[in-house]
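K.L.:
Below is the file target_17.cif, with mmCIF, C-alpha atoms (C1' of nucleotides).
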```
data_start
loop_
_atom_site.group_PDB
_atom_site.id
_atom_site.type_symbol
_atom_site.label_atom_id
_atom_site.label_comp_id
_atom_site.auth_asym_id
_atom_site.auth_seq_id
_atom_site.Cartn_x
_atom_site.Cartn_y
_atom_site.Cartn_z
ATOM 1 C CA MET A 275 5.865 -1.425 0.340
ATOM 2 C CA PRO A 276 5.483 -4.465 -1.820
ATOM 3 C CA GLU A 277 8.321 -4.916 -4.271
ATOM 4 C CA LEU A 278 9.552 -7.956 -6.128
ATOM 5 C CA PRO A 279 10.380 -10.085 -3.060
ATOM 6 C CA GLU A 280 7.024 -9.328 -1.459
ATOM 7 C CA VAL A 281 5.080 -9.782 -4.674
ATOM 8 C CA GLU A 282 6.783 -13.108 -5.251
ATOM 9 C CA THR A 283 5.868 -14.164 -1.721
ATOM 10 C CA VAL A 284 2.289 -13.149 -2.435
ATOM 11 C CA ARG A 285 2.370 -15.187 -5.625
ATOM 12 C CA GLU A 286 3.528 -18.243 -3.722
ATOM 13 C CA GLY A 287 0.739 -17.732 -1.213
ATOM 14 C CA LEU A 288 -1.878 -17.353 -3.928
ATOM 15 C CA SER A 289 -0.575 -20.416 -5.689
ATOM 16 C CA ARG A 290 -1.046 -22.404 -2.516
ATOM 17 C CA TRP A 291 -4.355 -20.986 -1.343
ATOM 18 C CA VAL A 292 -6.478 -20.130 -4.385
ATOM 19 C CA THR A 293 -5.271 -22.371 -7.211
ATOM 20 C CA ASN A 294 -7.915 -24.829 -8.428
ATOM 21 C CA ARG A 295 -10.707 -23.083 -6.541
ATOM 22 C CA ARG A 296 -13.905 -21.896 -8.221
ATOM 23 C CA VAL A 297 -15.023 -18.316 -7.644
ATOM 24 C CA GLU A 298 -18.561 -18.052 -6.322
ATOM 25 C CA ALA A 299 -18.924 -14.281 -6.267
ATOM 26 C CA VAL A 300 -16.899 -11.087 -6.380
ATOM 27 C CA GLU A 301 -17.864 -8.060 -4.335
ATOM 28 C CA VAL A 302 -16.385 -4.728 -5.375
ATOM 29 C CA ARG A 303 -16.353 -2.315 -2.466
ATOM 30 C CA HIS A 304 -14.444 0.473 -4.127
ATOM 31 C CA PRO A 305 -14.741 1.147 -7.869
ATOM 32 C CA ARG A 306 -11.251 2.620 -8.173
ATOM 33 C CA ALA A 307 -9.781 -0.740 -7.258
ATOM 34 C CA ILE A 308 -10.971 -2.025 -10.631
ATOM 35 C CA ARG A 309 -8.670 -0.910 -13.423
ATOM 36 C CA ARG A 310 -9.043 -0.669 -17.162
ATOM 37 C CA HIS A 311 -12.531 -2.061 -17.028
ATOM 38 C CA LEU A 312 -14.913 0.342 -18.725
ATOM 39 C CA ALA A 313 -17.825 -2.052 -18.388
ATOM 40 C CA GLY A 314 -17.843 -1.392 -14.675
ATOM 41 C CA ALA A 315 -17.623 -3.263 -11.420
ATOM 42 C CA GLU A 316 -20.787 -5.299 -11.950
ATOM 43 C CA HIS A 317 -19.487 -6.634 -15.231
ATOM 44 C CA PHE A 318 -16.116 -7.328 -13.653
ATOM 45 C CA ALA A 319 -17.824 -9.426 -10.999
ATOM 46 C CA ALA A 320 -20.033 -11.203 -13.531
ATOM 47 C CA VAL A 321 -17.100 -12.212 -15.715
ATOM 48 C CA LEU A 322 -15.324 -13.826 -12.779
ATOM 49 C CA ALA A 323 -18.225 -15.624 -11.122
ATOM 50 C CA GLY A 324 -18.083 -19.367 -11.684
ATOM 51 C CA ARG A 325 -14.543 -19.329 -13.038
ATOM 52 C CA THR A 326 -11.787 -21.540 -11.665
ATOM 53 C CA ILE A 327 -8.356 -20.098 -10.901
ATOM 54 C CA LEU A 328 -5.719 -22.256 -12.548
ATOM 55 C CA ALA A 329 -2.455 -20.766 -11.271
ATOM 56 C CA ALA A 330 -0.733 -17.695 -9.839
ATOM 57 C CA CYS A 331 1.868 -15.990 -12.032
ATOM 58 C CA ARG A 332 4.069 -12.923 -11.794
ATOM 59 C CA ARG A 333 5.825 -10.521 -14.169
ATOM 60 C CA GLY A 334 7.829 -7.898 -12.343
ATOM 61 C CA LYS A 335 5.536 -6.474 -9.699
ATOM 62 C CA TYR A 336 2.398 -7.603 -11.526
ATOM 63 C CA LEU A 337 0.479 -10.727 -10.625
ATOM 64 C CA TRP A 338 -2.013 -12.573 -12.748
ATOM 65 C CA LEU A 339 -4.371 -15.464 -12.159
ATOM 66 C CA PRO A 340 -5.175 -17.508 -15.286
ATOM 67 C CA LEU A 341 -8.794 -18.655 -15.349
ATOM 68 C CA ASP A 342 -10.449 -21.653 -16.952
ATOM 69 C CA SER A 343 -12.196 -19.239 -19.336
ATOM 70 C CA GLY A 344 -8.855 -18.300 -20.919
ATOM 71 C CA ASP A 345 -9.051 -14.866 -19.322
ATOM 72 C CA ALA A 346 -6.952 -13.766 -16.368
ATOM 73 C CA VAL A 347 -7.237 -11.539 -13.331
ATOM 74 C CA ILE A 348 -4.370 -9.023 -13.272
ATOM 75 C CA GLY A 349 -3.311 -7.512 -9.977
ATOM 76 C CA HIS A 350 -0.895 -4.799 -8.933
ATOM 77 C CA LEU A 351 -0.363 -3.963 -5.278
ATOM 78 C CA GLY A 352 0.822 -0.415 -5.877
ATOM 79 C CA MET A 353 2.129 1.115 -2.675
ATOM 80 C CA SER A 354 -0.156 -0.245 -0.051
ATOM 81 C CA GLY A 355 -2.063 -3.120 -1.612
ATOM 82 C CA GLN A 356 -2.438 -6.512 0.018
ATOM 83 C CA LEU A 357 -3.972 -9.736 -1.189
ATOM 84 C CA LEU A 358 -5.119 -11.607 1.882
ATOM 85 C CA VAL A 359 -6.610 -15.043 2.327
ATOM 86 C CA ARG A 360 -9.040 -14.856 5.234
ATOM 87 C CA PRO A 361 -11.604 -17.270 6.636
ATOM 88 C CA ALA A 362 -15.145 -16.350 5.603
ATOM 89 C CA GLY A 363 -16.749 -14.246 8.298
ATOM 90 C CA THR A 364 -13.532 -12.582 9.414
ATOM 91 C CA ALA A 365 -14.183 -8.893 10.119
ATOM 92 C CA ASP A 366 -13.694 -6.699 7.048
ATOM 93 C CA GLU A 367 -10.497 -4.691 6.881
ATOM 94 C CA ILE A 368 -10.974 -0.909 6.898
ATOM 95 C CA HIS A 369 -9.591 -0.631 3.383
ATOM 96 C CA LEU A 370 -11.175 -3.763 1.956
ATOM 97 C CA ARG A 371 -11.729 -3.033 -1.752
ATOM 98 C CA ILE A 372 -12.608 -6.360 -3.391
ATOM 99 C CA ARG A 373 -13.725 -9.683 -1.956
ATOM 100 C CA PHE A 374 -13.683 -13.046 -3.743
ATOM 101 C CA THR A 375 -15.714 -15.870 -2.250
ATOM 102 C CA PHE A 376 -15.344 -19.469 -3.409
ATOM 103 C CA ASP A 377 -17.943 -22.153 -3.867
ATOM 104 C CA ASP A 378 -16.035 -24.521 -1.565
ATOM 105 C CA GLY A 379 -16.915 -22.212 1.321
ATOM 106 C CA GLY A 380 -13.219 -21.919 2.205
ATOM 107 C CA PRO A 381 -11.195 -18.799 2.894
ATOM 108 C CA GLU A 382 -11.958 -15.621 0.946
ATOM 109 C CA LEU A 383 -9.471 -13.734 -1.180
ATOM 110 C CA ARG A 384 -9.444 -10.058 -0.260
ATOM 111 C CA PHE A 385 -7.818 -7.100 -1.969
ATOM 112 C CA VAL A 386 -7.096 -4.514 0.689
ATOM 113 C CA ASP A 387 -5.525 -1.194 -0.265
ATOM 114 C CA GLN A 388 -5.302 1.995 1.715
ATOM 115 C CA ARG A 389 -4.273 4.326 -1.079
ATOM 116 C CA THR A 390 -5.715 2.488 -4.070
ATOM 117 C CA PHE A 391 -2.558 2.950 -6.084
ATOM 118 C CA GLY A 392 -2.977 -0.708 -6.844
ATOM 119 C CA GLY A 393 -5.911 -2.526 -8.364
ATOM 120 C CA LEU A 394 -7.285 -5.538 -10.180
ATOM 121 C CA SER A 395 -8.415 -5.930 -13.773
ATOM 122 C CA VAL A 396 -9.550 -8.647 -16.157
ATOM 123 C CA SER A 397 -7.445 -9.455 -19.190
ATOM 124 C CA GLU A 398 -9.417 -11.073 -21.992
ATOM 125 C CA GLY A 399 -7.545 -14.096 -23.265
ATOM 126 C CA GLY A 400 -4.646 -13.198 -21.006
ATOM 127 C CA ALA A 401 -4.103 -16.539 -19.326
ATOM 128 C CA THR A 402 -0.650 -17.126 -20.820
ATOM 129 C CA LEU A 403 0.658 -13.563 -20.528
ATOM 130 C CA PRO A 404 -1.788 -10.670 -20.410
ATOM 131 C CA SER A 405 -1.158 -8.231 -23.265
ATOM 132 C CA GLU A 406 -1.597 -5.398 -20.765
ATOM 133 C CA ILE A 407 1.674 -6.332 -19.080
ATOM 134 C CA ALA A 408 3.596 -7.736 -22.044
ATOM 135 C CA HIS A 409 5.675 -4.549 -22.114
ATOM 136 C CA ILE A 410 7.074 -5.318 -18.662
ATOM 137 C CA ALA A 411 10.558 -6.825 -18.878
ATOM 138 C CA ARG A 412 11.459 -10.054 -17.167
ATOM 139 C CA ASP A 413 12.972 -9.677 -13.720
ATOM 140 C CA PRO A 414 16.602 -10.611 -13.044
ATOM 141 C CA MET A 415 15.573 -13.712 -11.074
ATOM 142 C CA ASP A 416 13.766 -15.049 -14.148
ATOM 143 C CA PRO A 417 15.784 -17.863 -15.808
ATOM 144 C CA GLU A 418 14.997 -16.341 -19.196
ATOM 145 C CA PHE A 419 16.273 -12.885 -18.277
ATOM 146 C CA SER A 420 19.105 -11.979 -20.659
ATOM 147 C CA ASP A 421 22.070 -10.376 -18.942
ATOM 148 C CA ALA A 422 23.715 -9.491 -22.242
ATOM 149 C CA GLY A 423 20.463 -8.053 -23.585
ATOM 150 C CA PHE A 424 20.069 -5.895 -20.504
ATOM 151 C CA VAL A 425 23.636 -4.602 -20.683
ATOM 152 C CA ALA A 426 23.229 -3.715 -24.353
ATOM 153 C CA ALA A 427 19.867 -2.014 -23.786
ATOM 154 C CA VAL A 428 21.237 0.082 -20.921
ATOM 155 C CA ARG A 429 24.224 1.209 -22.961
ATOM 156 C CA ARG A 430 21.942 2.249 -25.817
ATOM 157 C CA ARG A 431 19.959 4.512 -23.530
ATOM 158 C CA ARG A 432 20.883 8.105 -22.916
ATOM 159 C CA THR A 433 19.765 8.596 -19.360
ATOM 160 C CA GLU A 434 20.972 8.120 -15.790
ATOM 161 C CA ILE A 435 21.636 4.638 -14.453
ATOM 162 C CA LYS A 436 19.096 4.871 -11.640
ATOM 163 C CA ARG A 437 16.355 5.866 -14.079
ATOM 164 C CA ALA A 438 17.305 2.847 -16.169
ATOM 165 C CA LEU A 439 17.068 0.542 -13.141
ATOM 166 C CA LEU A 440 13.569 1.845 -12.437
ATOM 167 C CA ASP A 441 12.444 1.471 -16.069
ATOM 168 C CA GLN A 442 10.271 -1.634 -15.987
ATOM 169 C CA THR A 443 10.662 -2.138 -19.727
ATOM 170 C CA LEU A 444 14.408 -2.743 -19.220
ATOM 171 C CA ILE A 445 14.363 -4.710 -15.975
ATOM 172 C CA SER A 446 11.389 -5.335 -13.724
ATOM 173 C CA GLY A 447 10.942 -5.687 -10.020
ATOM 174 C CA VAL A 448 13.419 -2.998 -9.005
ATOM 175 C CA GLY A 449 11.987 -0.096 -7.042
ATOM 176 C CA ASN A 450 13.469 2.987 -5.432
ATOM 177 C CA ILE A 451 14.722 1.088 -2.396
ATOM 178 C CA TYR A 452 16.460 -1.766 -4.180
ATOM 179 C CA ALA A 453 17.866 0.557 -6.822
ATOM 180 C CA ASP A 454 19.607 2.601 -4.111
ATOM 181 C CA GLU A 455 20.857 -0.526 -2.353
ATOM 182 C CA ALA A 456 22.274 -2.056 -5.535
ATOM 183 C CA LEU A 457 23.931 1.212 -6.572
ATOM 184 C CA TRP A 458 25.534 1.480 -3.142
ATOM 185 C CA ARG A 459 26.911 -2.040 -3.400
ATOM 186 C CA ALA A 460 28.232 -1.265 -6.868
ATOM 187 C CA ARG A 461 29.625 2.068 -5.604
ATOM 188 C CA LEU A 462 27.967 3.940 -8.441
ATOM 189 C CA HIS A 463 26.073 7.208 -8.176
ATOM 190 C CA GLY A 464 22.591 6.964 -9.667
ATOM 191 C CA ALA A 465 23.194 9.972 -11.900
ATOM 192 C CA ARG A 466 25.955 8.205 -13.831
ATOM 193 C CA PRO A 467 25.148 8.356 -17.548
ATOM 194 C CA THR A 468 24.208 4.938 -18.900
ATOM 195 C CA ASP A 469 26.038 5.375 -22.177
ATOM 196 C CA ALA A 470 29.320 6.041 -20.353
ATOM 197 C CA LEU A 471 29.195 2.873 -18.249
ATOM 198 C CA THR A 472 31.236 -0.089 -19.435
ATOM 199 C CA GLY A 473 29.661 -3.456 -20.058
ATOM 200 C CA PRO A 474 31.503 -5.044 -17.121
ATOM 201 C CA ALA A 475 30.353 -2.220 -14.823
ATOM 202 C CA ILE A 476 26.714 -2.791 -15.786
ATOM 203 C CA THR A 477 27.177 -6.539 -15.395
ATOM 204 C CA ARG A 478 28.556 -6.016 -11.896
ATOM 205 C CA LEU A 479 25.654 -3.732 -11.025
ATOM 206 C CA LEU A 480 23.213 -6.338 -12.303
ATOM 207 C CA GLY A 481 24.844 -8.890 -10.044
ATOM 208 C CA HIS A 482 24.272 -6.605 -7.065
ATOM 209 C CA VAL A 483 20.639 -6.077 -8.064
ATOM 210 C CA ARG A 484 20.227 -9.839 -8.152
ATOM 211 C CA ASP A 485 21.918 -10.247 -4.767
ATOM 212 C CA VAL A 486 19.765 -7.585 -3.104
ATOM 213 C CA LEU A 487 16.542 -9.006 -4.491
ATOM 214 C CA GLY A 488 17.561 -12.548 -3.604
ATOM 215 C CA GLU A 489 18.449 -11.668 -0.029
ATOM 216 C CA ALA A 490 15.207 -9.738 0.429
ATOM 217 C CA LEU A 491 13.244 -12.618 -1.031
ATOM 218 C CA LYS A 492 14.750 -14.965 1.519
ATOM 219 C CA GLN A 493 13.843 -12.635 4.369
ATOM 220 C CA GLY A 494 10.373 -11.966 3.011
ATOM 221 C CA GLY A 495 9.687 -15.639 2.808
ATOM 222 C CA THR A 496 10.431 -16.251 6.449
ATOM 223 C CA SER A 497 8.291 -13.504 7.933
ATOM 224 C CA PHE A 498 4.993 -14.552 6.403
ATOM 225 C CA ASP A 499 2.311 -16.344 8.347
ATOM 226 C CA ALA A 500 1.085 -19.320 6.354
ATOM 227 C CA LEU A 501 -2.538 -18.192 6.371
ATOM 228 C CA TYR A 502 -1.797 -14.757 5.012
ATOM 229 C CA VAL A 503 -0.618 -14.276 1.476
ATOM 230 C CA ASN A 504 0.744 -10.880 2.322
ATOM 231 C CA VAL A 505 1.597 -8.935 5.429
ATOM 232 C CA ASN A 506 1.680 -5.343 6.464
ATOM 233 C CA GLY A 507 4.142 -3.731 4.064
ATOM 234 C CA GLU A 508 5.644 -1.590 6.814
ATOM 235 C CA SER A 509 6.726 -4.498 8.983
ATOM 236 C CA GLY A 510 8.427 -6.151 6.045
ATOM 237 C CA TYR A 511 10.079 -2.880 5.141
ATOM 238 C CA PHE A 512 11.558 -2.238 8.543
ATOM 239 C CA ASP A 513 12.762 -5.789 8.889
ATOM 240 C CA ARG A 514 15.046 -5.454 5.914
ATOM 241 C CA GLU A 515 18.698 -4.870 6.343
ATOM 242 C CA LEU A 516 19.170 -1.726 4.314
ATOM 243 C CA ASN A 517 22.595 -0.208 3.887
ATOM 244 C CA VAL A 518 21.719 3.241 2.529
ATOM 245 C CA TYR A 519 18.001 3.633 1.899
ATOM 246 C CA GLY A 520 16.461 5.820 4.597
ATOM 247 C CA ARG A 521 19.823 6.206 6.392
ATOM 248 C CA GLU A 522 20.442 9.898 5.795
ATOM 249 C CA GLY A 523 23.086 11.238 8.180
ATOM 250 C CA LEU A 524 24.126 7.762 9.370
ATOM 251 C CA PRO A 525 27.611 6.371 8.645
ATOM 252 C CA CYS A 526 28.190 4.461 5.428
ATOM 253 C CA ARG A 527 28.843 0.814 6.229
ATOM 254 C CA HIS A 528 31.737 0.806 3.787
ATOM 255 C CA CYS A 529 33.661 3.914 4.721
ATOM 256 C CA GLY A 530 31.894 5.742 7.552
ATOM 257 C CA ALA A 531 31.046 8.880 5.594
ATOM 258 C CA LEU A 532 27.562 10.187 6.348
ATOM 259 C CA VAL A 533 24.843 8.974 3.984
ATOM 260 C CA ARG A 534 23.315 11.796 1.958
ATOM 261 C CA ARG A 535 19.825 12.263 0.599
ATOM 262 C CA GLU A 536 19.161 13.874 -2.768
ATOM 263 C CA ALA A 537 15.939 14.781 -4.549
ATOM 264 C CA PHE A 538 15.161 12.479 -7.430
ATOM 265 C CA MET A 539 12.010 12.194 -9.520
ATOM 266 C CA ASN A 540 9.873 13.804 -6.807
ATOM 267 C CA ARG A 541 11.200 11.403 -4.222
ATOM 268 C CA SER A 542 14.573 10.649 -2.636
ATOM 269 C CA SER A 543 17.821 8.932 -3.417
ATOM 270 C CA PHE A 544 20.223 7.851 -0.702
ATOM 271 C CA SER A 545 23.912 7.322 -1.328
ATOM 272 C CA CYS A 546 27.369 7.578 0.181
ATOM 273 C CA PRO A 547 29.179 10.792 -0.814
ATOM 274 C CA ARG A 548 32.567 9.066 -0.687
ATOM 275 C CA CYS A 549 31.817 5.636 -2.199
ATOM 276 C CA GLN A 550 29.400 7.061 -4.759
ATOM 277 C CA PRO A 551 30.702 10.433 -5.936
ATOM 278 C CA ARG A 552 28.468 12.369 -8.290
ATOM 279 C CA PRO A 553 29.585 12.147 -11.927
ATOM 280 C CA ARG A 554 31.550 15.163 -13.111
ATOM 281 C CA THR A 555 29.482 15.634 -16.223
ATOM 282 C CA PRO A 556 25.746 15.632 -15.871
ATOM 283 C CA ALA A 557 23.731 13.106 -17.860
ATOM 284 C CA PRO A 558 22.369 14.378 -21.171
ATOM 285 C CA GLY A 559 18.868 15.695 -21.128
ATOM 286 C "C1'" DA B 325 10.891 6.055 -30.298
ATOM 287 C "C1'" DG B 326 13.000 7.545 -26.148
ATOM 288 C "C1'" DA B 327 12.910 10.535 -22.286
ATOM 289 C "C1'" DA B 328 10.645 13.441 -19.006
ATOM 290 C "C1'" DC B 329 6.831 14.941 -16.622
ATOM 291 C "C1'" DT B 330 2.125 14.618 -14.167
ATOM 292 C "C1'" DG B 331 -1.765 12.607 -11.836
ATOM 293 C "C1'" DC B 332 -3.416 9.188 -9.092
ATOM 294 C "C1'" DC B 333 -4.342 8.340 -3.500
ATOM 295 C "C1'" DT B 334 -4.407 8.726 1.796
ATOM 296 C "C1'" DG B 335 -2.222 8.076 6.269
ATOM 297 C "C1'" DA B 336 1.833 9.339 8.977
ATOM 298 C "C1'" DC B 337 4.576 12.741 10.140
ATOM 299 C "C1'" DT B 338 6.436 17.668 10.766
ATOM 300 C "C1'" DG B 339 6.292 22.423 11.852
ATOM 301 C "C1'" DC B 340 3.935 26.385 13.178
ATOM 302 C "C1'" DT C 1262 -4.413 20.859 20.200
ATOM 303 C "C1'" DG C 1263 -5.244 21.739 15.485
ATOM 304 C "C1'" DC C 1264 -4.228 22.587 11.035
ATOM 305 C "C1'" DA C 1265 -1.674 22.862 6.702
ATOM 306 C "C1'" DG C 1266 1.953 21.110 4.264
ATOM 307 C "C1'" DT C 1267 5.083 17.316 2.991
ATOM 308 C "C1'" DC C 1268 6.300 12.738 1.973
ATOM 309 C "C1'" DA C 1269 5.929 7.955 0.468
ATOM 310 C "C1'" DG C 1270 5.714 5.167 -4.118
ATOM 311 C "C1'" DG C 1271 4.851 2.518 -9.326
ATOM 312 C "C1'" DC C 1272 2.785 3.146 -13.364
ATOM 313 C "C1'" DA C 1273 -0.420 4.905 -17.074
ATOM 314 C "C1'" DG C 1274 -0.926 8.585 -19.788
ATOM 315 C "C1'" DT C 1275 0.713 12.603 -22.086
ATOM 316 C "C1'" DT C 1276 3.973 15.657 -24.247
ATOM 317 C "C1'" DC C 1277 8.016 16.909 -26.688
#
```
Starting from the file, give its structure as structure tokens.

P.N.:
Amino acid sequence: MPELPEVETVREGLSRWVTNRRVEAVEVRHPRAIRRHLAGAEHFAAVLAGRTILAACRRGKYLWLPLDSGDAVIGHLGMSGQLLVRPAGTADEIHLRIRFTFDDGGPELRFVDQRTFGGLSVSEGGATLPSEIAHIARDPMDPEFSDAGFVAAVRRRRTEIKRALLDQTLISGVGNIYADEALWRARLHGARPTDALTGPAITRLLGHVRDVLGEALKQGGTSFDALYVNVNGESGYFDRELNVYGREGLPCRHCGALVRREAFMNRSSFSCPRCQPRPRTPAPG
DNA sequence: AGAACTGCCTGACTGC
DNA sequence: TGCAGTCAGGCAGTTC
């Protein structure tokens, strides 16, 4: 599953392989892979044909490609999306949704997505920062991310700390997996009320978030083949060294207690019952 | 406005 | 073996 480290690796790959190339044509194989574009797939393709990609940028888990027209292509990988750079003529992937060809005849850019939770869209005038994703907060690896601003925003909220970590308007790039890992390192249960956490506690948690993302980014960077701008999400997932996520019933690496799994937002949270005791008072709401 | 909930998708897996 | 049900996940949209 592509999260911040994977998306950043994809961005680096796109920067290397598609920057300064001129799009010849765009083929949309699956209309659902085009988002927020009422004019339809044909119009989407027409707007992009002949445009040159100037860069590859990222905000949280979103990517965007500024074009020489001043517009931008926005991309989100969702759960299962991949952006692949493949030599022209390579056999189509089963879940190939969108194909970009370039007038230099070089490798194609392909959006491949099994579940089509992800997709591409065009942002008019969005080369600098598409308005569609302006609500997404900076990620904690961003030099302009404000630690103090994040701490203050979290303490103003009346919710649970894990929900706050997953709120992309507070901090971006953190998903279910990294939220659980950071909370485990901080020895905090995800149901802890945000407004009862001290500033130093939130600062410590933020440091763990940064560590987890940074370590995963290092690992993600090493496992990528140079020709591919993304890999199979599953292989990346299983390669990670996770301490609690997916380890239900296995011993906690801090204390040996058995990792528990709890229902959370129609999915799962993993934590150590001893290191991360549930708060005594439930969060408001 | 903030918080919570739902729908979007399909392949892998589980249990009967 | 086959089938139905469950799970995985981020985010846009909606509701309160």

K.L.:
What are the closest atom pairs, with distances in Å to one decimal, for all residues of chain A lying within 10 Å of chain B? Consider only C-alpha atoms (C1' of nucleotides), order rows by chain and residue number, and present the result as JSON lines.

P.N.:
```
{"residue": "A:Met353", "atom": "CA", "partner": "B:DC333", "partner_atom": "C1'", "distance": 9.7}
{"residue": "A:Gln388", "atom": "CA", "partner": "B:DT334", "partner_atom": "C1'", "distance": 6.8}
{"residue": "A:Arg389", "atom": "CA", "partner": "B:DC333", "partner_atom": "C1'", "distance": 4.7}
{"residue": "A:Thr390", "atom": "CA", "partner": "B:DC333", "partner_atom": "C1'", "distance": 6.0}
{"residue": "A:Phe391", "atom": "CA", "partner": "B:DC333", "partner_atom": "C1'", "distance": 6.2}
{"residue": "A:Gly392", "atom": "CA", "partner": "B:DC333", "partner_atom": "C1'", "distance": 9.7}
{"residue": "A:Arg431", "atom": "CA", "partner": "B:DG326", "partner_atom": "C1'", "distance": 8.0}
{"residue": "A:Arg432", "atom": "CA", "partner": "B:DA327", "partner_atom": "C1'", "distance": 8.4}
{"residue": "A:Thr433", "atom": "CA", "partner": "B:DA327", "partner_atom": "C1'", "distance": 7.7}
{"residue": "A:Met539", "atom": "CA", "partner": "B:DC329", "partner_atom": "C1'", "distance": 9.2}
{"residue": "A:Gly559", "atom": "CA", "partner": "B:DA327", "partner_atom": "C1'", "distance": 8.0}
```

K.L.:
Enumerate, as a ChimeraX atom specification, the residues matched when the PyMOL selection byres ((chain A and resi 404) around 10) is run on the file above.

P.N.:
/A:333,338-340,345-348,396-403,405-409

K.L.:
Separation of CA of Val533 (chain A) and CA of Asp454 (chain A), in Å?

P.N.:
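We find that CA of Val533 (chain A) and CA of Asp454 (chain A) lie 11.6 Å from each other.
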
K.L.:
Just say which residues the PyMOL selection byres ((chain C) within 10 of (chain A)) picks in this file, as a list of chain:residue names.

P.N.:
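Applied to this file, the PyMOL selection byres ((chain C) within 10 of (chain A)) returns C:DC1268, C:DA1269, C:DG1270, C:DG1271, C:DC1272.
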
K.L.:
What separation in Å, quoted to one decimal, exists between CA of Ser289 (chain A) and CA of Gly334 (chain A)?

P.N.:
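Computing the Euclidean distance for CA of Ser289 (chain A) and CA of Gly334 (chain A) yields 16.5 Å.
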
K.L.:
Report, as lines of an AutoDock Vina configuration file, the centre and edge lengths in Å (one decimal) of the axis-aligned box enclosing every listed atom of region 332-336 of chain B, padded by 8 Å on each side.

P.N.:
```
center_x = -1.3
center_y = 8.7
center_z = -0.1
size_x = 22.2
size_y = 17.3
size_z = 34.1
```

K.L.:
Take CA of Gly287 (chain A) and CA of Phe385 (chain A) and report the distance between them in Å, one decimal.

P.N.:
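Between CA of Gly287 (chain A) and CA of Phe385 (chain A) the gap is 13.7 Å.
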
K.L.:
List the spatial neighbours of Glu382 (chain A) as a PyMOL selection string - criterion: any atom at most 6 Å away, all atoms listed in the file, same-chain residues fewer than 4 positions off excluded.

P.N.:
chain A and resi 359-362+374-375

K.L.:
With only C-alpha atoms (C1' of nucleotides) as the counted atoms, please give the residues lying no more than 8 Å from Leu322 (chain A), apart from itself and same-chain residues fewer than 3 positions off, as a list of chain:residue names.

P.N.:
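Result of the neighbour search: A:Val297, A:Ala299, A:Val300, A:Phe318, A:Ala319, A:Arg325.
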
K.L.:
Leaving out region 520-531 of chain A and any residue of its chain fewer than 5 positions from it, which residues lie within 9 Å of it when counting all atoms listed in the file, given as an MDAnalysis selection string?

P.N.:
chainID A and resid 451 542:549

K.L.:
List the spatial neighbours of region 436-439 of chain A as number ranges by chain - criterion: any atom at most 10 Å away, all atoms listed in the file, same-chain residues fewer than 3 positions off excluded.

P.N.:
A: 427-429, 431-433, 442-450, 452-454, 456-457, 462-468, 479-480, 483, 538-539, 543
